[in-house]
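S.K.: Just input11.txt, nothing more (compact mmCIF, C-alpha atoms):
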# COMPACT_ATOMS: atom_id res chain seq x y z
CA MET C 1 -26.32 23.08 -15.80
CA VAL C 2 -26.87 20.12 -18.13
CA SER C 3 -30.00 18.13 -17.24
CA ALA C 4 -29.39 14.87 -15.39
CA ARG C 5 -29.58 11.79 -17.59
CA ALA C 6 -28.18 8.30 -18.06
CA TYR C 7 -25.21 7.99 -20.43
CA LEU C 8 -25.18 4.54 -22.05
CA VAL C 9 -21.77 3.37 -23.22
CA ASP C 10 -21.89 0.01 -25.04
CA ASP C 11 -20.48 -1.17 -28.36
CA ASP C 12 -23.50 -3.43 -28.96
CA GLU C 13 -26.08 -1.44 -30.91
CA ALA C 14 -28.94 -3.78 -29.95
CA ILE C 15 -28.21 -3.27 -26.24
CA ARG C 16 -27.92 0.50 -26.68
CA ASP C 17 -31.30 0.57 -28.44
CA SER C 18 -33.10 -1.70 -25.97
CA LEU C 19 -31.60 0.04 -22.92
CA GLY C 20 -32.38 3.44 -24.36
CA TRP C 21 -35.98 2.44 -25.01
CA LEU C 22 -36.32 0.90 -21.52
CA LEU C 23 -35.02 3.98 -19.71
CA GLU C 24 -36.98 6.46 -21.83
CA SER C 25 -40.17 4.41 -21.24
CA LYS C 26 -39.60 4.82 -17.49
CA GLY C 27 -39.10 8.57 -17.81
CA VAL C 28 -35.28 8.53 -17.60
CA ALA C 29 -33.60 10.71 -20.22
CA CYS C 30 -30.53 9.11 -21.81
CA LEU C 31 -27.84 9.45 -24.46
CA ALA C 32 -26.04 6.48 -26.02
CA TYR C 33 -22.41 6.16 -27.14
CA PRO C 34 -20.97 3.27 -29.20
CA SER C 35 -17.54 3.38 -27.53
CA ALA C 36 -15.67 4.54 -24.46
CA GLU C 37 -13.62 6.86 -26.67
CA ASP C 38 -16.79 8.58 -27.98
CA PHE C 39 -18.09 9.20 -24.48
CA LEU C 40 -14.71 10.45 -23.27
CA ALA C 41 -14.63 12.93 -26.16
CA ALA C 42 -18.09 14.21 -25.19
CA TRP C 43 -17.49 14.29 -21.43
CA THR C 44 -17.33 17.60 -19.57
CA CYS C 45 -17.47 18.29 -15.82
CA GLU C 46 -20.95 19.77 -16.40
CA LEU C 47 -22.50 16.38 -17.23
CA ALA C 48 -24.98 15.28 -14.56
CA GLY C 49 -26.68 11.93 -13.96
CA CYS C 50 -24.90 8.60 -14.26
CA VAL C 51 -22.98 6.38 -16.67
CA VAL C 52 -24.20 2.89 -17.59
CA LEU C 53 -21.04 1.24 -18.85
CA ASP C 54 -20.33 -2.12 -20.46
CA ILE C 55 -17.22 -3.82 -19.08
CA ARG C 56 -16.01 -5.43 -22.31
CA MET C 57 -15.86 -3.31 -25.46
CA GLY C 58 -13.66 -3.09 -28.51
CA GLY C 59 -10.99 -0.44 -27.96
CA MET C 60 -11.00 1.10 -24.51
CA SER C 61 -12.70 -1.16 -21.92
CA GLY C 62 -15.25 -0.05 -19.35
CA PRO C 63 -12.79 -0.16 -16.43
CA GLU C 64 -10.25 1.84 -18.49
CA LEU C 65 -12.89 4.50 -19.20
CA PHE C 66 -13.79 4.53 -15.49
CA GLU C 67 -10.12 5.20 -14.62
CA GLN C 68 -9.91 7.98 -17.22
CA LEU C 69 -13.05 9.65 -15.85
CA ARG C 70 -11.74 9.53 -12.28
CA GLN C 71 -8.40 10.99 -13.40
CA ARG C 72 -10.31 13.88 -14.97
CA GLY C 73 -12.15 14.48 -11.71
CA SER C 74 -15.52 13.10 -12.81
CA GLN C 75 -17.91 12.37 -9.94
CA LEU C 76 -20.57 10.77 -12.15
CA PRO C 77 -21.82 7.52 -10.59
CA VAL C 78 -20.93 4.55 -12.82
CA ILE C 79 -23.00 1.36 -13.14
CA PHE C 80 -21.19 -1.48 -14.90
CA LEU C 81 -23.01 -3.99 -17.10
CA THR C 82 -21.26 -7.32 -16.76
CA GLY C 83 -21.35 -10.82 -18.16
CA HIS C 84 -21.02 -13.63 -15.61
CA GLY C 85 -17.26 -13.92 -16.14
CA ASP C 86 -16.78 -10.20 -15.57
CA VAL C 87 -18.11 -10.11 -12.00
CA PRO C 88 -14.64 -10.09 -10.32
CA MET C 89 -13.66 -7.15 -12.56
CA ALA C 90 -16.86 -5.31 -11.63
CA VAL C 91 -16.32 -5.96 -7.91
CA ALA C 92 -12.81 -4.52 -8.24
CA ALA C 93 -14.31 -1.41 -9.88
CA ILE C 94 -16.81 -1.07 -7.00
CA LYS C 95 -13.89 -1.01 -4.58
CA LYS C 96 -12.44 1.87 -6.61
CA GLY C 97 -15.65 3.86 -6.32
CA ALA C 98 -18.06 2.60 -9.00
CA PHE C 99 -21.72 2.89 -7.95
CA ASP C 100 -22.85 -0.67 -8.75
CA PHE C 101 -22.82 -3.45 -11.30
CA VAL C 102 -25.70 -5.29 -12.94
CA GLU C 103 -25.25 -8.74 -14.45
CA LYS C 104 -26.50 -9.63 -17.93
CA PRO C 105 -29.13 -10.77 -18.63
CA PHE C 106 -30.51 -8.15 -16.29
CA ASN C 107 -33.94 -7.61 -14.81
CA ASP C 108 -35.39 -4.47 -16.43
CA ASN C 109 -36.90 -3.04 -13.26
CA GLU C 110 -33.76 -3.73 -11.25
CA LEU C 111 -31.58 -1.90 -13.74
CA VAL C 112 -33.94 1.08 -13.94
CA ASP C 113 -34.08 1.25 -10.12
CA ARG C 114 -30.26 1.33 -9.90
CA VAL C 115 -30.01 4.00 -12.62
CA VAL C 116 -32.60 6.18 -10.86
CA ALA C 117 -30.78 5.71 -7.54
CA ALA C 118 -27.45 6.68 -9.15
CA ILE C 119 -28.94 9.83 -10.71
CA GLU C 120 -30.51 10.80 -7.36
CA THR C 121 -27.14 10.27 -5.66
CA ASP C 122 -25.43 12.52 -8.21
CA THR C 123 -28.10 15.19 -7.76
CA ARG C 124 -27.67 15.15 -3.95
CA GLN C 125 -23.88 15.33 -4.22
CA ARG C 126 -24.02 18.26 -6.64
CA SER C 127 -26.49 20.08 -4.41
CA ALA C 128 -24.27 19.54 -1.37
CA ALA C 129 -21.18 20.73 -3.28
CA SER C 130 -23.05 23.82 -4.47
CA SER C 131 -24.22 24.58 -0.91
CA LEU C 132 -20.67 24.09 0.36
CA GLY C 133 -19.29 26.48 -2.26
CA SER C 134 -21.99 29.01 -1.41
CA THR C 135 -21.16 28.84 2.32
CA GLN C 136 -17.44 29.28 1.61
CA ALA C 137 -18.23 32.32 -0.55
CA LEU C 138 -20.32 33.83 2.26
CA LEU C 139 -17.57 33.23 4.82
CA ALA C 140 -15.09 35.01 2.56
CA ARG C 141 -17.22 38.18 2.87
CA LEU C 142 -16.85 38.37 6.66
CA THR C 143 -14.45 40.85 8.20
CA GLN C 144 -11.81 39.58 10.60
CA ARG C 145 -13.77 40.98 13.55
CA GLU C 146 -17.00 39.36 12.34
CA ARG C 147 -15.16 36.04 12.17
CA GLN C 148 -13.93 36.50 15.74
CA VAL C 149 -17.48 37.24 16.89
CA MET C 150 -18.73 34.21 14.93
CA GLU C 151 -16.30 31.85 16.67
CA LEU C 152 -17.41 33.09 20.08
CA VAL C 153 -21.11 32.94 19.15
CA LEU C 154 -20.59 29.32 18.00
CA ALA C 155 -18.92 28.60 21.34
CA GLY C 156 -22.22 29.60 22.97
CA LYS C 157 -20.96 32.80 24.58
CA PHE C 158 -23.29 35.71 25.38
CA ASN C 159 -22.78 39.18 23.93
CA LYS C 160 -21.44 40.55 27.23
CA VAL C 161 -18.79 37.82 27.45
CA ILE C 162 -17.86 38.34 23.78
CA ALA C 163 -17.51 42.08 24.43
CA ASP C 164 -15.19 41.42 27.39
CA GLU C 165 -13.05 38.91 25.49
CA LEU C 166 -12.65 41.15 22.44
CA ASN C 167 -12.37 44.32 24.52
CA ILE C 168 -15.18 46.07 22.63
CA SER C 169 -18.57 47.41 23.70
CA MET C 170 -21.64 45.21 23.86
CA ARG C 171 -23.34 47.48 21.30
CA THR C 172 -20.44 46.84 18.90
CA VAL C 173 -20.82 43.08 19.42
CA GLU C 174 -24.54 43.39 18.62
CA VAL C 175 -23.72 45.22 15.37
CA HIS C 176 -21.10 42.64 14.34
CA ARG C 177 -23.45 39.81 15.25
CA ALA C 178 -26.29 41.32 13.18
CA ASN C 179 -23.97 41.88 10.21
CA LEU C 180 -22.60 38.36 10.54
CA PHE C 181 -26.08 36.76 10.57
CA GLU C 182 -27.20 38.88 7.62
CA LYS C 183 -24.14 38.01 5.52
CA MET C 184 -24.50 34.29 6.31
CA GLY C 185 -28.24 34.32 5.61
CA VAL C 186 -29.24 32.99 9.05
CA LYS C 187 -31.41 34.21 11.91
CA THR C 188 -30.01 32.27 14.88
CA ALA C 189 -26.75 30.83 16.18
CA VAL C 190 -28.21 27.34 15.72
CA GLU C 191 -28.85 27.99 12.00
CA LEU C 192 -25.31 29.35 11.70
CA ALA C 193 -23.86 26.22 13.32
CA GLN C 194 -25.91 23.98 11.02
CA ARG C 195 -24.74 25.88 7.97
CA LEU C 196 -21.10 25.61 8.96
CA SER C 197 -21.16 21.99 10.15
CA ALA C 198 -20.43 20.62 6.67
CA LEU C 199 -17.33 22.80 6.46
CA GLY C 200 -15.93 21.66 9.78
CA GLU C 201 -16.06 25.28 10.98
CA ARG C 202 -17.45 24.26 14.37
For the structure just supplied, provide its representation as structure tokens.
M.R.:
Amino acid sequence: MVSARAYLVDDDEAIRDSLGWLLESKGVACLAYPSAEDFLAAWTCELAGCVVLDIRMGGMSGPELFEQLRQRGSQLPVIFLTGHGDVPMAVAAIKKGAFDFVEKPFNDNELVDRVVAAIETDTRQRSAASSLGSTQALLARLTQRERQVMELVLAGKFNKVIADELNISMRTVEVHRANLFEKMGVKTAVELAQRLSALGER
């Protein structure tokens, strides 16, 4: 996966340079783009981190780029840089899912803090999505009988009750239960429930 970084999109070269220097000096990797069109051309779903985006630019505006990214399924957090008159536009973007906006002239530490928070948010979301995909892949490996046993285990039922309900021997339930736990990578019913909670499999 591409390393997490800040993607600076601003048509003002001086701001790109100063922002780039500021972030790099605080240990935040970044790449700068002189236009929304340039960033859109470089964007892939593999990009990780956040976008620091000027609202007003020649050509495509910041909010227009934000819309394009969302239409393409991008989950990258977006921080808008705004002049005083752009605040209503930035607030509208927040309501559509932007991460935050920072007014110019901005406080250096405040901006860096928001960028770091956005990158951490993206990292958490990607980790959760990866874990979710992994759990779904593990579930797909279960046999129909193992799934039936799993549902009854999650309902808190003992092996003997499960055996009666499924009309199989208790030894068979124990085998299915062991196979189920092994495939799901858990040791207890509690761990299994925790793993499945994000999927709504409870």
S.K.: What does the structure give for the distance between CA of Val28 (chain C) and CA of Gly59 (chain C), in Å to one decimal?
M.R.: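 According to the coordinates, CA of Val28 (chain C) and CA of Gly59 (chain C) are separated by 27.9 Å.
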S.K.: Rank nothing, just name the residue among C:Ser18, C:Thr188, C:Val161, C:Leu180 nearest to Leu139 (chain C), using all atoms listed in the file.
M.R.: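 With all atoms listed in the file as the atom set, the closest residue is C:Leu180.
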S.K.: With only C-alpha atoms as the basis for distance, which of C:Val91, C:Leu154, C:Leu132, C:Leu8 is at the shortest distance from Ala29 (chain C)?
M.R.: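 Going through C:Val91, C:Leu154, C:Leu132, C:Leu8 one by one, the smallest distance to Ala29 (chain C) is for C:Leu8.
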S.K.: CA of Asn159 (chain C) to CA of Ala137 (chain C): how many Å, to one decimal?
M.R.: 25.8 Å
S.K.: List every protein, DNA or RNA residue that has an atom no more than 12 Å from (-15.7, -2.8, -11.6) in the file's coordinate frame, counting only C-alpha atoms, and report them as number ranges by chain.
M.R.: C: 52-56, 61-67, 78-83, 86-103
S.K.: Mind dumping the selected residues with C-alpha atoms as a PDB file, in the frame of the given file?
M.R.:
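Written output follows (result_35.pdb):
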ATOM      1  CA  VAL C  52     -24.200   2.890 -17.590  1.00  0.00           C
ATOM      2  CA  LEU C  53     -21.040   1.240 -18.850  1.00  0.00           C
ATOM      3  CA  ASP C  54     -20.330  -2.120 -20.460  1.00  0.00           C
ATOM      4  CA  ILE C  55     -17.220  -3.820 -19.080  1.00  0.00           C
ATOM      5  CA  ARG C  56     -16.010  -5.430 -22.310  1.00  0.00           C
ATOM      6  CA  SER C  61     -12.700  -1.160 -21.920  1.00  0.00           C
ATOM      7  CA  GLY C  62     -15.250  -0.050 -19.350  1.00  0.00           C
ATOM      8  CA  PRO C  63     -12.790  -0.160 -16.430  1.00  0.00           C
ATOM      9  CA  GLU C  64     -10.250   1.840 -18.490  1.00  0.00           C
ATOM     10  CA  LEU C  65     -12.890   4.500 -19.200  1.00  0.00           C
ATOM     11  CA  PHE C  66     -13.790   4.530 -15.490  1.00  0.00           C
ATOM     12  CA  GLU C  67     -10.120   5.200 -14.620  1.00  0.00           C
ATOM     13  CA  VAL C  78     -20.930   4.550 -12.820  1.00  0.00           C
ATOM     14  CA  ILE C  79     -23.000   1.360 -13.140  1.00  0.00           C
ATOM     15  CA  PHE C  80     -21.190  -1.480 -14.900  1.00  0.00           C
ATOM     16  CA  LEU C  81     -23.010  -3.990 -17.100  1.00  0.00           C
ATOM     17  CA  THR C  82     -21.260  -7.320 -16.760  1.00  0.00           C
ATOM     18  CA  GLY C  83     -21.350 -10.820 -18.160  1.00  0.00           C
ATOM     19  CA  ASP C  86     -16.780 -10.200 -15.570  1.00  0.00           C
ATOM     20  CA  VAL C  87     -18.110 -10.110 -12.000  1.00  0.00           C
ATOM     21  CA  PRO C  88     -14.640 -10.090 -10.320  1.00  0.00           C
ATOM     22  CA  MET C  89     -13.660  -7.150 -12.560  1.00  0.00           C
ATOM     23  CA  ALA C  90     -16.860  -5.310 -11.630  1.00  0.00           C
ATOM     24  CA  VAL C  91     -16.320  -5.960  -7.910  1.00  0.00           C
ATOM     25  CA  ALA C  92     -12.810  -4.520  -8.240  1.00  0.00           C
ATOM     26  CA  ALA C  93     -14.310  -1.410  -9.880  1.00  0.00           C
ATOM     27  CA  ILE C  94     -16.810  -1.070  -7.000  1.00  0.00           C
ATOM     28  CA  LYS C  95     -13.890  -1.010  -4.580  1.00  0.00           C
ATOM     29  CA  LYS C  96     -12.440   1.870  -6.610  1.00  0.00           C
ATOM     30  CA  GLY C  97     -15.650   3.860  -6.320  1.00  0.00           C
ATOM     31  CA  ALA C  98     -18.060   2.600  -9.000  1.00  0.00           C
ATOM     32  CA  PHE C  99     -21.720   2.890  -7.950  1.00  0.00           C
ATOM     33  CA  ASP C 100     -22.850  -0.670  -8.750  1.00  0.00           C
ATOM     34  CA  PHE C 101     -22.820  -3.450 -11.300  1.00  0.00           C
ATOM     35  CA  VAL C 102     -25.700  -5.290 -12.940  1.00  0.00           C
ATOM     36  CA  GLU C 103     -25.250  -8.740 -14.450  1.00  0.00           C
TER      37      GLU C 103
END
S.K.: Work out how far apart CA of Thr121 (chain C) and CA of Val51 (chain C) are and give it in Å to one decimal.
M.R.: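 Pair CA of Thr121 (chain C) / CA of Val51 (chain C) returns 12.4 Å.
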S.K.: At a cut-off of 6 Å, using only C-alpha atoms, what residues contact region 35-41 of chain C? Leave out same-chain residues fewer than 2 positions from it and give the result as a PyMOL selection string.
M.R.: chain C and resi 11+33+43+60+65
S.K.: Determine the nearest neighbour of Val173 (chain C) from the options C:Cys45, C:Ala189, C:Leu152, C:Cys30, counting only C-alpha atoms.
M.R.: C:Leu152
S.K.: Set out as CSV a contact list for region 20-46 of chain C and region 104-118 of chain C with a cut-off of 12 Å, giving each residue of region 20-46 of chain C that qualifies its closest atom pair and distance in Å to one decimal, counting all atoms listed in the file, ordered by chain and rising residue number.
M.R.:
residue,atom,partner,partner_atom,distance
C:Gly20,CA,C:Val112,CA,10.8
C:Trp21,CA,C:Asp108,CA,11.0
C:Leu22,CA,C:Asp108,CA,7.5
C:Leu23,CA,C:Val112,CA,6.5
C:Glu24,CA,C:Val112,CA,10.0
C:Ser25,CA,C:Val112,CA,10.2
C:Lys26,CA,C:Val112,CA,7.7
C:Gly27,CA,C:Val116,CA,9.8
C:Val28,CA,C:Val116,CA,7.6
C:Ala29,CA,C:Val116,CA,10.4
C:Cys30,CA,C:Val115,CA,10.5
S.K.: Include C-alpha atoms and write out the residues we just selected as a short mmCIF file (atom, residue, chain, number, x, y, z; two decimals), in the frame of the given file.
M.R.:
data_model
loop_
_atom_site.label_atom_id
_atom_site.label_comp_id
_atom_site.auth_asym_id
_atom_site.auth_seq_id
_atom_site.Cartn_x
_atom_site.Cartn_y
_atom_site.Cartn_z
CA GLY C 20 -32.38 3.44 -24.36
CA TRP C 21 -35.98 2.44 -25.01
CA LEU C 22 -36.32 0.90 -21.52
CA LEU C 23 -35.02 3.98 -19.71
CA GLU C 24 -36.98 6.46 -21.83
CA SER C 25 -40.17 4.41 -21.24
CA LYS C 26 -39.60 4.82 -17.49
CA GLY C 27 -39.10 8.57 -17.81
CA VAL C 28 -35.28 8.53 -17.60
CA ALA C 29 -33.60 10.71 -20.22
CA CYS C 30 -30.53 9.11 -21.81
#
S.K.: Which is closest to Ile15 (chain C) among C:Pro34, C:Ser3, C:Glu146, C:Asn179, if we use all atoms listed in the file?
M.R.: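 Comparing C:Pro34, C:Ser3, C:Glu146, C:Asn179 against Ile15 (chain C), the winner is C:Pro34.
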S.K.: Which residue, C:Ala42, C:Val175, C:Ala128, C:Ile119, has the smallest gap to Arg195 (chain C) when you use all atoms listed in the file?
M.R.: C:Ala128
S.K.: For Val149 (chain C), work out the shell of residues within 12 Å, counting only C-alpha atoms and skipping chain neighbours fewer than 4 positions away, then give it as a ChimeraX atom specification.
M.R.: /C:142-145,153-168,170,172-181,189
S.K.: Kindly indicate which residue among C:Gly185, C:Met57, C:Ala32, C:Pro77 lies nearest to Val9 (chain C), using all atoms listed in the file for the distances.
M.R.: C:Ala32
S.K.: Extending 8 Å beyond the listed atoms of region 144-153 of chain C on each side, what axis-aligned box results? I want centre and edge lengths in Å to one decimal, as AutoDock Vina command-line options.
M.R.:
--center_x -16.5 --center_y 36.4 --center_z 15.3 --size_x 25.3 --size_y 25.1 --size_z 25.5
